[in-house]
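K.L.:
Please find one structure pasted underneath; my questions will follow.
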Amino acid sequence: MADISSLDFDAEKIQPQASFEPVPTGEYTVMITESDLKPTKSGDGQYLQLVYEILDGDYKNRKIWDRLNLINKNSTATEIAQRSLSAICHSVGVLHPKDSAELHNKPFVVKVGIRPAQGEFSESNVVKAYSSIKNQKPAAPGGKKPWQN
């Protein structure tokens, strides 16, 4: 048991947590807001975890997670991750990053699909492709892009 009386918490003032259903398949304007290099479950590799925030539309402010297996015994997994990272770098215009933070806060477009539920895991989003925003989305009326408001 935990005494939370010092928090002065009032559930009537806080919107209840909504379910985390995947966003529908489609293209979304996003930016990377978080990144971290983490060890793989087996402990013999590392993946770059990226968190994307959707910048506009019905799913504005929703987050999508992506994992790039940059260090892995499986050379195919590593090659796919390197190609994905290259696509992200080209999409945001940072071709020689030394730190993943250099990729943060730069809008680009991701094509999102849905990975079916498997075992104990419910269905989730999966990023299928990355592209530059200038090739995908026109500016909103007045020349401002939705995330510049």
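Lettering and numbering for the structure tokens are positional, with chains as A, B, ... in the shown order, residues counted from 1 in each chain, and ligands counted from 1 in the shown order.
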Residues of chain A classed as helix (DSSP H, G or I) by DSSP on the backbone are to be reported as an mmCIF file with N, CA and C atoms, in the first residue's frame.

P.N.:
```cif
data_model
loop_
_atom_site.group_PDB
_atom_site.id
_atom_site.type_symbol
_atom_site.label_atom_id
_atom_site.label_comp_id
_atom_site.auth_asym_id
_atom_site.auth_seq_id
_atom_site.Cartn_x
_atom_site.Cartn_y
_atom_site.Cartn_z
ATOM 1 N N SER A 5 -1.666 10.609 -0.267
ATOM 2 C CA SER A 5 -2.401 11.796 0.188
ATOM 3 C C SER A 5 -1.613 13.081 -0.036
ATOM 4 N N SER A 6 -0.292 13.010 -0.001
ATOM 5 C CA SER A 6 0.523 14.216 -0.198
ATOM 6 C C SER A 6 0.471 14.726 -1.645
ATOM 7 N N LEU A 7 -0.010 13.891 -2.568
ATOM 8 C CA LEU A 7 -0.110 14.303 -3.971
ATOM 9 C C LEU A 7 -1.316 15.204 -4.227
ATOM 10 N N ALA A 11 -9.071 12.738 -9.243
ATOM 11 C CA ALA A 11 -9.354 12.110 -10.531
ATOM 12 C C ALA A 11 -10.428 12.840 -11.321
ATOM 13 N N GLU A 12 -11.226 13.684 -10.665
ATOM 14 C CA GLU A 12 -12.233 14.459 -11.394
ATOM 15 C C GLU A 12 -11.593 15.568 -12.235
ATOM 16 N N LYS A 13 -10.357 15.913 -11.942
ATOM 17 C CA LYS A 13 -9.672 16.986 -12.667
ATOM 18 C C LYS A 13 -8.739 16.469 -13.757
ATOM 19 N N GLY A 57 -3.169 16.552 -38.127
ATOM 20 C CA GLY A 57 -4.271 15.641 -38.431
ATOM 21 C C GLY A 57 -4.972 15.094 -37.201
ATOM 22 N N ASP A 58 -5.796 14.089 -37.442
ATOM 23 C CA ASP A 58 -6.614 13.495 -36.376
ATOM 24 C C ASP A 58 -5.792 12.853 -35.267
ATOM 25 N N TYR A 59 -4.555 12.496 -35.560
ATOM 26 C CA TYR A 59 -3.725 11.788 -34.576
ATOM 27 C C TYR A 59 -2.579 12.646 -34.060
ATOM 28 N N SER A 75 22.882 -10.441 -40.019
ATOM 29 C CA SER A 75 23.329 -9.392 -40.935
ATOM 30 C C SER A 75 22.165 -8.779 -41.721
ATOM 31 N N THR A 76 21.108 -9.543 -41.962
ATOM 32 C CA THR A 76 19.944 -9.000 -42.660
ATOM 33 C C THR A 76 19.248 -7.949 -41.796
ATOM 34 N N ALA A 77 19.109 -8.230 -40.511
ATOM 35 C CA ALA A 77 18.494 -7.270 -39.595
ATOM 36 C C ALA A 77 19.313 -5.983 -39.548
ATOM 37 N N THR A 78 20.637 -6.125 -39.512
ATOM 38 C CA THR A 78 21.514 -4.961 -39.484
ATOM 39 C C THR A 78 21.399 -4.157 -40.780
ATOM 40 N N GLU A 79 21.365 -4.845 -41.903
ATOM 41 C CA GLU A 79 21.257 -4.154 -43.197
ATOM 42 C C GLU A 79 19.936 -3.391 -43.300
ATOM 43 N N ILE A 80 18.840 -4.000 -42.871
ATOM 44 C CA ILE A 80 17.534 -3.328 -42.894
ATOM 45 C C ILE A 80 17.573 -2.083 -42.007
ATOM 46 N N ALA A 81 18.154 -2.212 -40.821
ATOM 47 C CA ALA A 81 18.249 -1.079 -39.894
ATOM 48 C C ALA A 81 19.092 0.047 -40.476
ATOM 49 N N GLN A 82 20.214 -0.295 -41.099
ATOM 50 C CA GLN A 82 21.072 0.731 -41.683
ATOM 51 C C GLN A 82 20.372 1.440 -42.837
ATOM 52 N N ARG A 83 19.621 0.699 -43.646
ATOM 53 C CA ARG A 83 18.873 1.322 -44.746
ATOM 54 C C ARG A 83 17.780 2.242 -44.196
ATOM 55 N N SER A 84 17.126 1.817 -43.126
ATOM 56 C CA SER A 84 16.096 2.651 -42.498
ATOM 57 C C SER A 84 16.708 3.918 -41.934
ATOM 58 N N LEU A 85 17.835 3.785 -41.240
ATOM 59 C CA LEU A 85 18.504 4.963 -40.687
ATOM 60 C C LEU A 85 18.949 5.901 -41.806
ATOM 61 N N SER A 86 19.452 5.356 -42.908
ATOM 62 C CA SER A 86 19.835 6.178 -44.050
ATOM 63 C C SER A 86 18.627 6.933 -44.603
ATOM 64 N N ALA A 87 17.486 6.257 -44.710
ATOM 65 C CA ALA A 87 16.271 6.910 -45.212
ATOM 66 C C ALA A 87 15.847 8.047 -44.287
ATOM 67 N N ILE A 88 15.936 7.822 -42.975
ATOM 68 C CA ILE A 88 15.602 8.875 -42.013
ATOM 69 C C ILE A 88 16.564 10.048 -42.184
ATOM 70 N N CYS A 89 17.862 9.759 -42.263
ATOM 71 C CA CYS A 89 18.869 10.817 -42.423
ATOM 72 C C CYS A 89 18.614 11.637 -43.688
ATOM 73 N N HIS A 90 18.328 10.964 -44.786
ATOM 74 C CA HIS A 90 18.029 11.685 -46.031
ATOM 75 C C HIS A 90 16.741 12.497 -45.885
ATOM 76 N N SER A 91 15.758 11.966 -45.194
ATOM 77 C CA SER A 91 14.476 12.652 -45.034
ATOM 78 C C SER A 91 14.588 13.932 -44.228
ATOM 79 N N VAL A 92 15.499 13.951 -43.254
ATOM 80 C CA VAL A 92 15.640 15.148 -42.408
ATOM 81 C C VAL A 92 16.841 16.002 -42.792
ATOM 82 N N SER A 100 22.254 10.594 -32.265
ATOM 83 C CA SER A 100 20.876 10.499 -32.750
ATOM 84 C C SER A 100 20.068 11.760 -32.448
ATOM 85 N N ALA A 101 20.489 12.554 -31.473
ATOM 86 C CA ALA A 101 19.793 13.804 -31.148
ATOM 87 C C ALA A 101 19.811 14.780 -32.324
ATOM 88 N N GLU A 102 20.774 14.628 -33.232
ATOM 89 C CA GLU A 102 20.838 15.494 -34.414
ATOM 90 C C GLU A 102 19.633 15.274 -35.329
ATOM 91 N N LEU A 103 18.939 14.160 -35.164
ATOM 92 C CA LEU A 103 17.775 13.836 -35.987
ATOM 93 C C LEU A 103 16.469 14.321 -35.357
ATOM 94 N N ILE A 133 9.622 15.561 -46.121
ATOM 95 C CA ILE A 133 8.351 16.271 -46.079
ATOM 96 C C ILE A 133 8.146 17.132 -47.315
ATOM 97 N N LYS A 134 9.211 17.676 -47.871
ATOM 98 C CA LYS A 134 9.044 18.567 -49.020
ATOM 99 C C LYS A 134 8.521 17.829 -50.246
ATOM 100 N N ASN A 135 8.666 16.508 -50.269
ATOM 101 C CA ASN A 135 8.139 15.722 -51.380
ATOM 102 C C ASN A 135 6.729 15.223 -51.120
ATOM 103 N N PRO A 146 1.431 22.813 -40.432
ATOM 104 C CA PRO A 146 0.639 22.633 -39.213
ATOM 105 C C PRO A 146 1.439 22.624 -37.921
ATOM 106 N N TRP A 147 2.654 22.110 -37.913
ATOM 107 C CA TRP A 147 3.453 22.041 -36.684
ATOM 108 C C TRP A 147 4.120 23.366 -36.355
ATOM 109 N N GLN A 148 3.985 24.388 -37.218
ATOM 110 C CA GLN A 148 4.579 25.706 -36.957
ATOM 111 C C GLN A 148 3.610 26.637 -36.244
#
```

K.L.:
What parts of chain A does DSSP call strand (DSSP E or B)? I'd like the answer as a ChimeraX atom specification.

P.N.:
/A:26-39,46-54,63-71,104,108-115,118,121,124-131

K.L.:
Report, in Å to a single decimal, how far apart CA of Gln49 (chain A) and CA of Asn72 (chain A) are.

P.N.:
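Result for CA of Asn72 (chain A) versus CA of Gln49 (chain A): 14.1 Å, one decimal.
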
K.L.:
Distance CA of Ile114 (chain A)-CA of Asp99 (chain A), one decimal place?

P.N.:
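Atom-to-atom, CA of Ile114 (chain A) and CA of Asp99 (chain A) are spaced 29.0 Å apart.
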
K.L.:
So which one's closest to Tyr47 (chain A), A:Ile32, A:Gln118, A:Lys73, A:Pro107? Using only C-alpha atoms, please.

P.N.:
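Closest to Tyr47 (chain A) of all the choices is A:Lys73.
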
K.L.:
Any idea what the distance is between CA of Asn69 (chain A) and CA of Ser35 (chain A)?

P.N.:
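CA of Asn69 (chain A) sits 13.2 Å away from CA of Ser35 (chain A).
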
K.L.:
Which is closest to Asp56 (chain A) among A:Gln17, A:Thr29, A:Thr40, A:Asn125, if we use only C-alpha atoms?

P.N.:
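Smallest separation from Asp56 (chain A) among the options: A:Thr29.
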